[in-house]
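Novice: Below is the file query.cif, with mmCIF, C-alpha atoms.
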data_work
loop_
_atom_site.label_atom_id
_atom_site.label_comp_id
_atom_site.auth_asym_id
_atom_site.auth_seq_id
_atom_site.Cartn_x
_atom_site.Cartn_y
_atom_site.Cartn_z
CA MET A 1 27.33 -16.13 10.89
CA THR A 2 30.00 -14.59 13.03
CA GLY A 3 29.95 -15.30 16.76
CA ILE A 4 27.96 -18.55 16.50
CA PRO A 5 29.80 -21.84 17.23
CA ARG A 6 30.30 -23.86 14.06
CA PRO A 7 28.27 -26.95 15.08
CA PHE A 8 25.25 -24.81 15.81
CA ASP A 9 25.85 -22.67 12.71
CA GLY A 10 26.09 -25.73 10.48
CA ALA A 11 22.89 -27.22 11.85
CA VAL A 12 20.97 -24.03 11.07
CA GLU A 13 22.41 -23.84 7.55
CA HIS A 14 21.48 -27.47 6.95
CA SER A 15 17.95 -26.79 8.18
CA ILE A 16 17.53 -23.83 5.82
CA ARG A 17 18.85 -25.84 2.84
CA ALA A 18 16.35 -28.54 3.71
CA GLY A 19 13.56 -26.00 3.26
CA LEU A 20 12.86 -25.41 6.95
CA PRO A 21 12.74 -21.67 7.68
CA PRO A 22 14.52 -20.40 10.82
CA THR A 23 11.58 -20.04 13.16
CA THR A 24 11.86 -19.48 16.91
CA ALA A 25 10.78 -23.07 17.57
CA ARG A 26 13.24 -24.49 15.04
CA VAL A 27 16.19 -22.53 16.42
CA ALA A 28 15.27 -23.60 19.97
CA GLN A 29 15.08 -27.24 18.84
CA ILE A 30 18.53 -27.07 17.27
CA ALA A 31 19.92 -25.40 20.39
CA ALA A 32 18.57 -28.14 22.63
CA GLY A 33 20.31 -30.73 20.46
CA HIS A 34 23.71 -29.04 20.94
CA GLU A 35 23.71 -28.51 24.68
CA GLY A 36 26.03 -31.49 24.99
CA THR A 37 28.78 -29.76 22.99
CA LEU A 38 28.10 -26.12 23.75
CA GLY A 39 26.83 -26.43 27.29
CA THR A 40 23.59 -24.98 28.56
CA ASP A 41 24.83 -21.40 28.67
CA GLY A 42 26.64 -21.65 25.35
CA ALA A 43 23.61 -23.08 23.56
CA ALA A 44 21.37 -20.42 25.08
CA SER A 45 23.75 -17.65 24.02
CA ALA A 46 24.02 -18.99 20.47
CA ARG A 47 20.24 -19.36 20.29
CA GLU A 48 19.62 -15.73 21.31
CA HIS A 49 22.28 -14.47 18.93
CA LEU A 50 20.77 -16.38 16.02
CA LEU A 51 17.22 -15.33 16.85
CA ASP A 52 18.37 -11.71 16.71
CA ARG A 53 19.84 -12.27 13.25
CA LEU A 54 17.30 -14.55 11.61
CA VAL A 55 13.89 -14.46 13.27
CA GLY A 56 11.16 -11.84 13.55
CA LEU A 57 12.09 -8.41 14.85
CA GLY A 58 15.44 -9.70 16.05
CA PRO A 59 17.37 -7.05 18.02
CA LEU A 60 14.29 -4.76 17.99
CA ALA A 61 12.02 -7.29 19.68
CA ALA A 62 12.77 -6.05 23.19
CA VAL A 63 11.96 -2.39 22.48
CA VAL A 64 8.85 -3.30 20.49
CA ALA A 65 7.68 -5.38 23.46
CA ASP A 66 7.79 -2.29 25.69
CA PRO A 67 4.09 -1.32 26.00
CA GLY A 68 4.96 2.37 26.30
CA VAL A 69 6.76 2.57 22.96
CA THR A 70 4.78 3.88 19.99
CA ASP A 71 7.63 4.42 17.50
CA VAL A 72 10.97 2.69 16.95
CA LEU A 73 13.50 4.41 14.70
CA VAL A 74 16.80 2.90 13.59
CA ASN A 75 19.28 5.13 11.79
CA GLY A 76 21.96 4.04 9.36
CA ASP A 77 24.55 3.88 12.16
CA GLY A 78 22.48 1.24 13.95
CA VAL A 79 21.47 3.45 16.87
CA VAL A 80 17.92 2.72 18.07
CA TRP A 81 15.62 5.58 19.06
CA VAL A 82 12.12 5.26 20.57
CA ASP A 83 9.13 7.45 21.32
CA ARG A 84 7.23 6.69 24.51
CA GLY A 85 4.88 9.65 24.13
CA SER A 86 7.18 12.47 25.20
CA GLY A 87 9.39 12.77 22.14
CA VAL A 88 12.09 10.68 20.50
CA GLN A 89 14.77 9.38 22.87
CA ARG A 90 17.98 7.47 22.22
CA THR A 91 18.26 3.99 23.71
CA ALA A 92 21.32 2.01 24.71
CA ARG A 93 20.41 -0.64 22.15
CA THR A 94 22.10 -0.76 18.76
CA VAL A 95 21.98 -2.94 15.66
CA GLU A 96 25.31 -4.01 14.19
CA PRO A 97 25.77 -2.10 10.90
CA GLN A 98 26.39 -5.32 8.96
CA ASP A 99 23.11 -6.73 10.31
CA LEU A 100 20.97 -3.70 9.51
CA ARG A 101 20.32 -4.39 5.83
CA PRO A 102 19.54 -8.11 6.34
CA LEU A 103 17.13 -7.07 9.12
CA ALA A 104 15.41 -4.52 6.87
CA VAL A 105 15.11 -7.03 4.01
CA ARG A 106 13.75 -9.72 6.35
CA LEU A 107 11.13 -7.37 7.82
CA ALA A 108 10.09 -6.30 4.33
CA GLY A 109 9.59 -9.98 3.49
CA LEU A 110 7.45 -10.45 6.59
CA ALA A 111 5.33 -7.53 5.35
CA GLY A 112 4.99 -9.23 1.96
CA ARG A 113 7.05 -6.55 0.25
CA ARG A 114 10.31 -6.44 -1.70
CA LEU A 115 13.36 -4.45 -0.62
CA ASP A 116 16.54 -4.42 -2.72
CA ASP A 117 18.59 -2.14 -4.94
CA ALA A 118 15.85 -2.14 -7.58
CA GLN A 119 13.17 -1.30 -4.98
CA PRO A 120 15.10 0.63 -2.31
CA TRP A 121 12.20 1.56 -0.05
CA VAL A 122 9.23 -0.24 1.41
CA ASP A 123 6.06 0.69 3.28
CA GLY A 124 4.12 -2.21 4.74
CA VAL A 125 2.54 -3.83 7.77
CA LEU A 126 4.19 -6.59 9.78
CA PRO A 127 2.25 -9.43 11.42
CA GLY A 128 0.63 -8.02 14.51
CA GLY A 129 -0.14 -4.67 12.90
CA VAL A 130 3.26 -2.95 13.21
CA ARG A 131 3.72 -0.47 10.38
CA LEU A 132 7.12 -0.68 8.68
CA HIS A 133 9.02 1.81 6.60
CA ALA A 134 12.56 1.08 5.40
CA ILE A 135 14.86 2.84 2.94
CA LEU A 136 18.25 1.78 1.64
CA PRO A 137 21.38 3.67 0.57
CA PRO A 138 22.16 5.63 -1.47
CA LEU A 139 18.72 7.16 -0.92
CA ALA A 140 19.48 7.21 2.81
CA GLU A 141 22.95 8.24 3.83
CA GLY A 142 25.09 6.08 6.08
CA GLY A 143 23.08 2.86 5.89
CA PRO A 144 19.53 1.52 5.87
CA HIS A 145 16.98 3.41 7.98
CA LEU A 146 14.03 1.67 9.66
CA SER A 147 10.87 3.16 11.13
CA LEU A 148 8.28 1.12 13.02
CA ARG A 149 4.92 2.55 14.10
CA LEU A 150 3.09 0.53 16.74
CA ALA A 151 -0.67 0.76 17.13
CA ARG A 152 -0.95 0.35 20.90
CA HIS A 153 -4.63 1.17 21.19
CA HIS A 154 -7.65 -0.28 19.42
CA PRO A 155 -10.42 1.71 21.10
CA GLU A 156 -13.86 0.14 21.10
CA GLY A 157 -15.86 3.32 20.84
CA VAL A 158 -15.84 6.82 22.26
CA ASP A 159 -15.94 5.56 25.85
CA ALA A 160 -12.61 3.85 25.22
CA LEU A 161 -11.19 7.13 23.91
CA VAL A 162 -12.34 8.77 27.14
CA ARG A 163 -10.52 6.12 29.18
CA LEU A 164 -7.39 6.75 27.13
CA GLY A 165 -7.59 10.44 27.94
CA ALA A 166 -8.02 11.32 24.27
CA VAL A 167 -11.53 12.74 24.74
CA SER A 168 -13.23 14.49 27.65
CA HIS A 169 -16.59 13.24 28.92
CA ASP A 170 -18.36 16.39 27.67
CA LEU A 171 -16.84 16.22 24.20
CA ALA A 172 -17.65 12.50 23.95
CA VAL A 173 -21.33 13.38 23.66
CA VAL A 174 -20.65 15.55 20.62
CA LEU A 175 -18.35 13.03 18.91
CA ARG A 176 -20.79 10.18 19.35
CA GLN A 177 -23.57 12.28 17.84
CA LEU A 178 -21.38 13.19 14.85
CA VAL A 179 -21.27 9.51 13.98
CA THR A 180 -24.92 8.77 14.77
CA ASP A 181 -26.19 11.69 12.66
CA ARG A 182 -23.97 10.68 9.71
CA VAL A 183 -22.01 13.92 9.60
CA SER A 184 -19.12 13.72 7.13
CA PHE A 185 -15.85 14.78 8.74
CA VAL A 186 -12.07 14.52 8.71
CA VAL A 187 -9.81 13.94 11.70
CA THR A 188 -6.86 16.31 11.49
CA GLY A 189 -3.58 16.70 13.36
CA GLY A 190 0.15 16.47 12.99
CA THR A 191 2.29 13.34 12.63
CA GLY A 192 1.84 11.06 15.63
CA ALA A 193 -1.00 13.16 17.07
CA GLY A 194 -3.34 10.16 17.32
CA LYS A 195 -5.57 10.69 14.27
CA THR A 196 -5.82 6.99 13.42
CA THR A 197 -6.62 6.01 17.01
CA VAL A 198 -9.40 8.60 17.22
CA LEU A 199 -10.85 7.61 13.84
CA ALA A 200 -10.85 3.93 14.82
CA GLY A 201 -12.68 4.76 18.04
CA LEU A 202 -15.30 6.77 16.18
CA LEU A 203 -15.80 4.01 13.60
CA ALA A 204 -16.60 1.64 16.45
CA GLU A 205 -19.65 3.82 17.12
CA VAL A 206 -21.13 3.12 13.67
CA ASP A 207 -24.34 1.07 13.83
CA PRO A 208 -23.46 -2.65 13.55
CA SER A 209 -25.98 -3.03 10.73
CA GLN A 210 -23.95 -0.67 8.52
CA ARG A 211 -21.20 -1.77 6.13
CA ILE A 212 -17.90 0.12 6.45
CA VAL A 213 -15.51 0.09 3.48
CA VAL A 214 -12.02 1.28 4.43
CA VAL A 215 -9.55 2.34 1.74
CA GLU A 216 -5.89 2.68 2.74
CA ASP A 217 -2.49 2.91 1.13
CA VAL A 218 -1.03 0.83 3.96
CA ARG A 219 -3.36 -0.84 6.42
CA GLU A 220 -3.48 0.91 9.80
CA LEU A 221 -7.15 1.21 10.77
CA ASP A 222 -8.52 -1.69 12.76
CA PRO A 223 -11.93 -0.56 13.99
CA SER A 224 -13.93 -2.69 16.38
CA HIS A 225 -16.96 -3.24 14.15
CA PRO A 226 -18.62 -6.43 12.86
CA HIS A 227 -18.80 -5.45 9.17
CA VAL A 228 -15.60 -3.88 7.86
CA VAL A 229 -14.26 -4.36 4.32
CA ARG A 230 -10.62 -3.33 3.91
CA LEU A 231 -9.03 -2.36 0.60
CA GLN A 232 -5.29 -1.75 0.46
CA GLY A 233 -3.23 -0.15 -2.29
CA ARG A 234 -0.22 -1.69 -4.02
CA GLY A 235 2.90 -0.12 -5.46
CA ALA A 236 4.26 -0.78 -8.93
CA ASN A 237 6.74 -3.62 -9.40
CA VAL A 238 10.32 -3.16 -10.63
CA GLU A 239 9.03 -3.06 -14.21
CA GLY A 240 6.83 -0.11 -13.26
CA VAL A 241 3.53 -1.94 -13.64
CA GLY A 242 0.94 -3.41 -11.32
CA GLU A 243 0.25 -0.32 -9.21
CA VAL A 244 -3.14 -0.09 -7.54
CA SER A 245 -3.67 3.46 -6.30
CA LEU A 246 -6.16 4.85 -3.82
CA VAL A 247 -7.96 6.40 -6.79
CA ASP A 248 -8.49 2.88 -8.20
CA LEU A 249 -9.59 1.53 -4.83
CA LEU A 250 -12.05 4.33 -4.18
CA ARG A 251 -13.72 3.63 -7.52
CA GLN A 252 -14.00 -0.03 -6.55
CA ALA A 253 -15.26 0.83 -3.07
CA LEU A 254 -18.16 2.81 -4.51
CA ARG A 255 -19.35 -0.36 -6.25
CA MET A 256 -19.32 -2.35 -3.01
CA ARG A 257 -22.40 -0.74 -1.43
CA PRO A 258 -20.69 1.07 1.43
CA ASP A 259 -22.88 2.54 4.14
CA ARG A 260 -19.78 4.35 5.36
CA LEU A 261 -16.87 5.18 3.07
CA VAL A 262 -13.59 5.70 4.93
CA VAL A 263 -10.22 6.77 3.57
CA GLY A 264 -7.50 6.05 6.11
CA GLU A 265 -5.59 9.14 5.03
CA VAL A 266 -6.33 11.43 2.12
CA ARG A 267 -3.06 12.73 0.70
CA GLY A 268 -3.21 12.70 -3.08
CA ALA A 269 -5.34 12.69 -6.21
CA GLU A 270 -7.86 10.36 -4.55
CA VAL A 271 -9.36 13.50 -2.98
CA ARG A 272 -11.34 13.98 -6.21
CA GLU A 273 -13.10 10.61 -5.88
CA LEU A 274 -13.65 11.10 -2.15
CA LEU A 275 -15.29 14.50 -2.60
CA ALA A 276 -17.40 13.22 -5.48
CA ALA A 277 -18.58 10.26 -3.41
CA LEU A 278 -19.53 12.40 -0.43
CA ASN A 279 -21.52 14.63 -2.81
CA THR A 280 -23.52 11.74 -4.26
CA GLY A 281 -25.33 10.25 -1.31
CA HIS A 282 -22.47 8.66 0.63
CA ASP A 283 -22.97 10.76 3.74
CA GLY A 284 -21.26 9.93 7.00
CA GLY A 285 -17.87 9.41 5.34
CA MET A 286 -14.66 9.85 7.32
CA SER A 287 -10.96 10.29 6.73
CA THR A 288 -7.79 11.63 8.31
CA LEU A 289 -5.78 14.56 7.01
CA HIS A 290 -2.43 16.03 8.03
CA ALA A 291 -3.08 19.61 9.15
CA ASN A 292 -1.84 21.74 12.03
CA GLY A 293 -5.27 23.18 12.69
CA PRO A 294 -8.88 23.04 11.46
CA GLN A 295 -8.51 26.35 9.64
CA GLU A 296 -5.87 24.81 7.35
CA VAL A 297 -8.24 22.17 5.97
CA PRO A 298 -9.55 24.10 2.90
CA ALA A 299 -6.00 24.99 1.84
CA ARG A 300 -4.91 21.37 2.27
CA PHE A 301 -7.80 20.22 0.10
CA GLU A 302 -6.91 22.84 -2.48
CA ALA A 303 -3.35 21.50 -2.64
CA LEU A 304 -4.52 17.89 -2.92
CA GLY A 305 -7.16 18.83 -5.47
CA SER A 306 -4.49 20.37 -7.69
CA LEU A 307 -2.85 16.92 -7.86
CA ALA A 308 -6.11 15.66 -9.38
CA GLY A 309 -6.40 18.59 -11.78
CA LEU A 310 -9.18 20.29 -9.84
CA PRO A 311 -9.16 24.12 -9.89
CA ARG A 312 -9.56 25.95 -6.60
CA HIS A 313 -13.20 26.94 -7.18
CA ALA A 314 -14.12 23.33 -7.99
CA VAL A 315 -12.54 22.08 -4.75
CA HIS A 316 -14.51 24.60 -2.70
CA ALA A 317 -17.72 23.83 -4.59
CA GLN A 318 -17.29 20.17 -3.66
CA LEU A 319 -16.27 20.87 -0.07
CA ARG A 320 -19.39 22.95 0.51
CA GLN A 321 -21.57 19.83 0.42
CA ALA A 322 -19.10 16.98 0.95
CA LEU A 323 -17.49 17.96 4.26
CA GLN A 324 -19.35 19.23 7.29
CA ALA A 325 -17.01 19.00 10.27
CA VAL A 326 -13.38 18.71 11.35
CA VAL A 327 -12.20 16.86 14.46
CA HIS A 328 -8.75 18.15 15.42
CA VAL A 329 -6.29 16.19 17.55
CA GLU A 330 -3.19 17.61 19.23
CA ARG A 331 -0.31 16.03 21.09
CA ARG A 332 1.00 18.00 24.04
CA ASP A 333 3.34 16.80 26.77
CA GLY A 334 2.90 13.23 25.58
CA VAL A 335 -0.92 13.38 25.68
CA ARG A 336 -2.93 12.95 22.47
CA ARG A 337 -6.29 14.65 22.76
CA VAL A 338 -9.21 15.93 20.69
CA VAL A 339 -9.16 19.68 21.33
CA VAL A 340 -11.38 21.25 18.67
CA ILE A 341 -14.43 20.39 16.60
CA GLY A 342 -14.77 22.77 13.69
CA VAL A 343 -17.47 23.19 11.06
CA VAL A 344 -17.34 24.08 7.38
CA VAL A 345 -19.12 27.36 6.59
CA PRO A 346 -19.21 29.81 3.65
CA ASP A 347 -16.32 32.28 3.63
CA PRO A 348 -17.87 35.78 3.61
CA SER A 349 -14.59 37.33 2.46
CA ASP A 350 -14.23 34.97 -0.51
CA PRO A 351 -17.55 34.30 -2.31
CA GLY A 352 -17.96 30.75 -3.50
CA CYS A 353 -15.36 29.44 -1.06
CA VAL A 354 -15.58 27.83 2.38
CA ARG A 355 -13.63 28.08 5.59
CA VAL A 356 -13.50 26.11 8.83
CA VAL A 357 -14.35 27.80 12.13
CA ASP A 358 -14.21 26.44 15.66
CA ALA A 359 -17.56 25.22 16.98
CA VAL A 360 -16.48 23.79 20.32
CA VAL A 361 -13.05 23.93 21.95
CA ASP A 362 -11.76 21.69 24.75
CA ARG A 363 -8.30 22.66 25.95
CA GLY A 364 -8.98 21.92 29.60
CA GLY A 365 -11.41 23.52 32.01
CA GLY A 366 -14.56 22.50 30.16
CA LEU A 367 -15.99 23.06 26.71
CA ARG A 368 -16.02 26.51 25.18
CA ALA A 369 -18.25 27.56 22.28
CA GLY A 370 -16.71 28.97 19.13
CA PRO A 371 -18.22 31.02 16.31
CA GLY A 372 -19.41 27.83 14.59
CA ARG A 373 -21.53 26.69 17.53
CA ASP A 374 -24.89 27.30 15.89
CA ARG A 375 -23.85 25.50 12.72
CA LEU A 376 -22.72 22.47 14.74
CA LEU A 377 -25.99 22.39 16.69
CA SER A 378 -27.92 22.50 13.42
CA LEU A 379 -26.02 19.36 12.36
CA LEU A 380 -26.58 17.69 15.75
CA PRO A 381 -30.12 18.58 16.85
CA LEU A 382 -30.10 16.00 19.64
CA VAL A 383 -27.05 17.38 21.44
CA ALA A 384 -28.32 18.57 24.82
CA THR A 385 -28.63 22.36 24.80
CA ARG A 386 -28.31 22.37 28.57
CA CYS A 387 -24.54 22.12 28.10
CA GLY A 388 -22.91 25.44 28.88
CA TRP A 389 -21.12 25.74 25.55
CA ALA A 390 -24.37 25.16 23.67
CA ARG A 391 -26.37 27.94 25.32
CA PRO A 392 -26.97 31.13 23.36
CA CYS A 393 -24.51 33.88 24.27
#
I need this file expressed as structure tokens, please.
Specialist:
Amino acid sequence: MTGIPRPFDGAVEHSIRAGLPPTTARVAQIAAGHEGTLGTDGAASAREHLLDRLVGLGPLAAVVADPGVTDVLVNGDGVVWVDRGSGVQRTARTVEPQDLRPLAVRLAGLAGRRLDDAQPWVDGVLPGGVRLHAILPPLAEGGPHLSLRLARHHPEGVDALVRLGAVSHDLAVVLRQLVTDRVSFVVTGGTGAGKTTVLAGLLAEVDPSQRIVVVEDVRELDPSHPHVVRLQGRGANVEGVGEVSLVDLLRQALRMRPDRLVVGEVRGAEVRELLAALNTGHDGGMSTLHANGPQEVPARFEALGSLAGLPRHAVHAQLRQALQAVVHVERRDGVRRVVVIGVVVPDPSDPGCVRVVDAVVDRGGGLRAGPGRDRLLSLLPLVATRCGWARPC
């Protein structure tokens, strides 16, 4: 433990051998006992140095504590980058290269996951809800790479999304009615666009008497609702056994009497089970999906369906009844905002297939009706037709 005075170092080593893990309180206690030999400043310096190396987020604790930071990225050279909403920026903070792998391994342990040469990557959730991804060389060049995603907002309903600036007051009426009328939809957008935040806010609008079953690969959704059951996948161990996939979890979820079935992110063969469920009475289901626009959704489902062995026509046949709307989120100039609600309609140019068309658009200056307006109003009969976008052209 380079840089730590030997008396302090030895006391910590003795504590660990005695079965006492190096917690913040334990390190502070040891430091207080060595102020006589190290002095107040010396003990404080050794304490901070050791906390960085052995406890919690260590050298990343300060940047994670910044309330404006949503992503922390550490490259193999130890340079720390952050995203405060306006793109990734380099910080003055660094992690010593020799400390980077021990930090990654320790964080993986805090997430209840294994990270070593036999399992050189990890995806998990740290205490407090921070999502962790880490990958080791030689898969990553130059050294271990760490990525932390921080869920800064846990919106308690659509009104909270309005306060965050993610939803306009006019669009809030439509979104709330989507949930109330049990419309099945996906929230789409690019990486970091705010899909999970929006979905969590919409789930908070679900009637408290309803049971929500959430299926995720790695837990991210934390909706404010009194009856949420969370199922989380598990990777295979080093022997290649023990995997629990989202396909497995969706099959279990269907046996748990869900009033609302939610897939945190659909991105693989589980799309088959999700579409089947939404076609067999489990209306009002929700999910997120990576897509750059609502119109891309059918093609994305086609690609995911192929992973499950579903031909294109079968995917579209399922989509026709399973999915009714698309809520699209964009991130522009650091602001994450719902900008389009689209609807699923038959594709006149491709019989038997569906497409997604804009029903209402909100890119500033008020709501604007799209070609799917009438279809959306048929799904939401209680939406006030006095709204300008809802009036017949």
Novice: Distance table requested - region 142-249 of chain A against region 326-349 of chain A, cut-off 6 Å, only C-alpha atoms: one row per qualifying residue with the closest atom pair and its distance in Å to one decimal, ordered by chain and rising residue number, as CSV.
Specialist:
residue,atom,partner,partner_atom,distance
A:Ala166,CA,A:Arg337,CA,4.0
A:Val167,CA,A:Val338,CA,5.7
A:Phe185,CA,A:Val326,CA,5.3
A:Val186,CA,A:Val326,CA,5.1
A:Val187,CA,A:Val327,CA,4.7
A:Thr188,CA,A:His328,CA,4.7
A:Gly189,CA,A:Val329,CA,5.0
A:Ala193,CA,A:Arg331,CA,5.0
A:Gly194,CA,A:Arg336,CA,5.9
Novice: For the file shown, report as number ranges by chain the outcome of the PyMOL selection byres ((chain A and resi 292-296) around 6) at residue level.
Specialist: A: 189-190, 291, 297-299, 356
Novice: The PyMOL selection byres ((chain A and resi 172) around 10) on the file shown: which residues, as a PyMOL selection string?
Specialist: chain A and resi 157-159+161-162+166-171+173-178+202+338
Novice: Keeping C-alpha atoms, export the residues of the selection given above as a short mmCIF file (atom, residue, chain, number, x, y, z; two decimals), keeping the file's coordinate frame.
Specialist:
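See part-v4.cif below for the written result:
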data_model
loop_
_atom_site.label_atom_id
_atom_site.label_comp_id
_atom_site.auth_asym_id
_atom_site.auth_seq_id
_atom_site.Cartn_x
_atom_site.Cartn_y
_atom_site.Cartn_z
CA GLY A 157 -15.86 3.32 20.84
CA VAL A 158 -15.84 6.82 22.26
CA ASP A 159 -15.94 5.56 25.85
CA LEU A 161 -11.19 7.13 23.91
CA VAL A 162 -12.34 8.77 27.14
CA ALA A 166 -8.02 11.32 24.27
CA VAL A 167 -11.53 12.74 24.74
CA SER A 168 -13.23 14.49 27.65
CA HIS A 169 -16.59 13.24 28.92
CA ASP A 170 -18.36 16.39 27.67
CA LEU A 171 -16.84 16.22 24.20
CA VAL A 173 -21.33 13.38 23.66
CA VAL A 174 -20.65 15.55 20.62
CA LEU A 175 -18.35 13.03 18.91
CA ARG A 176 -20.79 10.18 19.35
CA GLN A 177 -23.57 12.28 17.84
CA LEU A 178 -21.38 13.19 14.85
CA LEU A 202 -15.30 6.77 16.18
CA VAL A 338 -9.21 15.93 20.69
#
Novice: Using CA of Pro223 (chain A) and CA of Met286 (chain A) as the two end points, give the distance in Å to one decimal.
Specialist: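 Between CA of Pro223 (chain A) and CA of Met286 (chain A) the gap is 12.7 Å.
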Novice: Tell me, in Å to one decimal, how far CA of Gly233 (chain A) is from CA of Asp248 (chain A).
Specialist: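 For CA of Gly233 (chain A) relative to CA of Asp248 (chain A), the distance reads 8.5 Å.
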Novice: Counting only C-alpha atoms, I want the residues whose atoms come within 7 Å of (-21.7, 9.8, 4.4) in the file frame, returned as a ChimeraX atom specification.
Specialist: /A:182-184,260-261,278,281-285
Novice: Taking into account all atoms listed in the file, which residue in the set A:Gln232, A:Gln210, A:Gln321, A:Thr196 is nearest to Gly124 (chain A)?
Specialist: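 Answer, going by the shortest atom-to-atom distance: A:Gln232.
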Novice: Going by the chain IDs and residue numbers used in this file, which residues fall under the PyMOL selection byres ((chain A and resi 252) around 12)? Write them as a CSV table (one decimal) with C-alpha atoms, in the coordinates of the input.
Specialist:
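Final output, expr.csv:
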chain,number,residue,atom,x,y,z
A,213,VAL,CA,-15.5,0.1,3.5
A,214,VAL,CA,-12.0,1.3,4.4
A,215,VAL,CA,-9.6,2.3,1.7
A,229,VAL,CA,-14.3,-4.4,4.3
A,230,ARG,CA,-10.6,-3.3,3.9
A,231,LEU,CA,-9.0,-2.4,0.6
A,232,GLN,CA,-5.3,-1.8,0.5
A,233,GLY,CA,-3.2,-0.2,-2.3
A,244,VAL,CA,-3.1,-0.1,-7.5
A,245,SER,CA,-3.7,3.5,-6.3
A,246,LEU,CA,-6.2,4.8,-3.8
A,247,VAL,CA,-8.0,6.4,-6.8
A,248,ASP,CA,-8.5,2.9,-8.2
A,249,LEU,CA,-9.6,1.5,-4.8
A,250,LEU,CA,-12.0,4.3,-4.2
A,251,ARG,CA,-13.7,3.6,-7.5
A,253,ALA,CA,-15.3,0.8,-3.1
A,254,LEU,CA,-18.2,2.8,-4.5
A,255,ARG,CA,-19.4,-0.4,-6.2
A,256,MET,CA,-19.3,-2.4,-3.0
A,257,ARG,CA,-22.4,-0.7,-1.4
A,258,PRO,CA,-20.7,1.1,1.4
A,261,LEU,CA,-16.9,5.2,3.1
A,273,GLU,CA,-13.1,10.6,-5.9
A,274,LEU,CA,-13.6,11.1,-2.2
A,277,ALA,CA,-18.6,10.3,-3.4
Novice: Have a look at CA of Pro371 (chain A) and CA of Pro351 (chain A) and let me know their distance in Å, one decimal.
Specialist: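 Between these atoms lies a distance of 18.9 Å.
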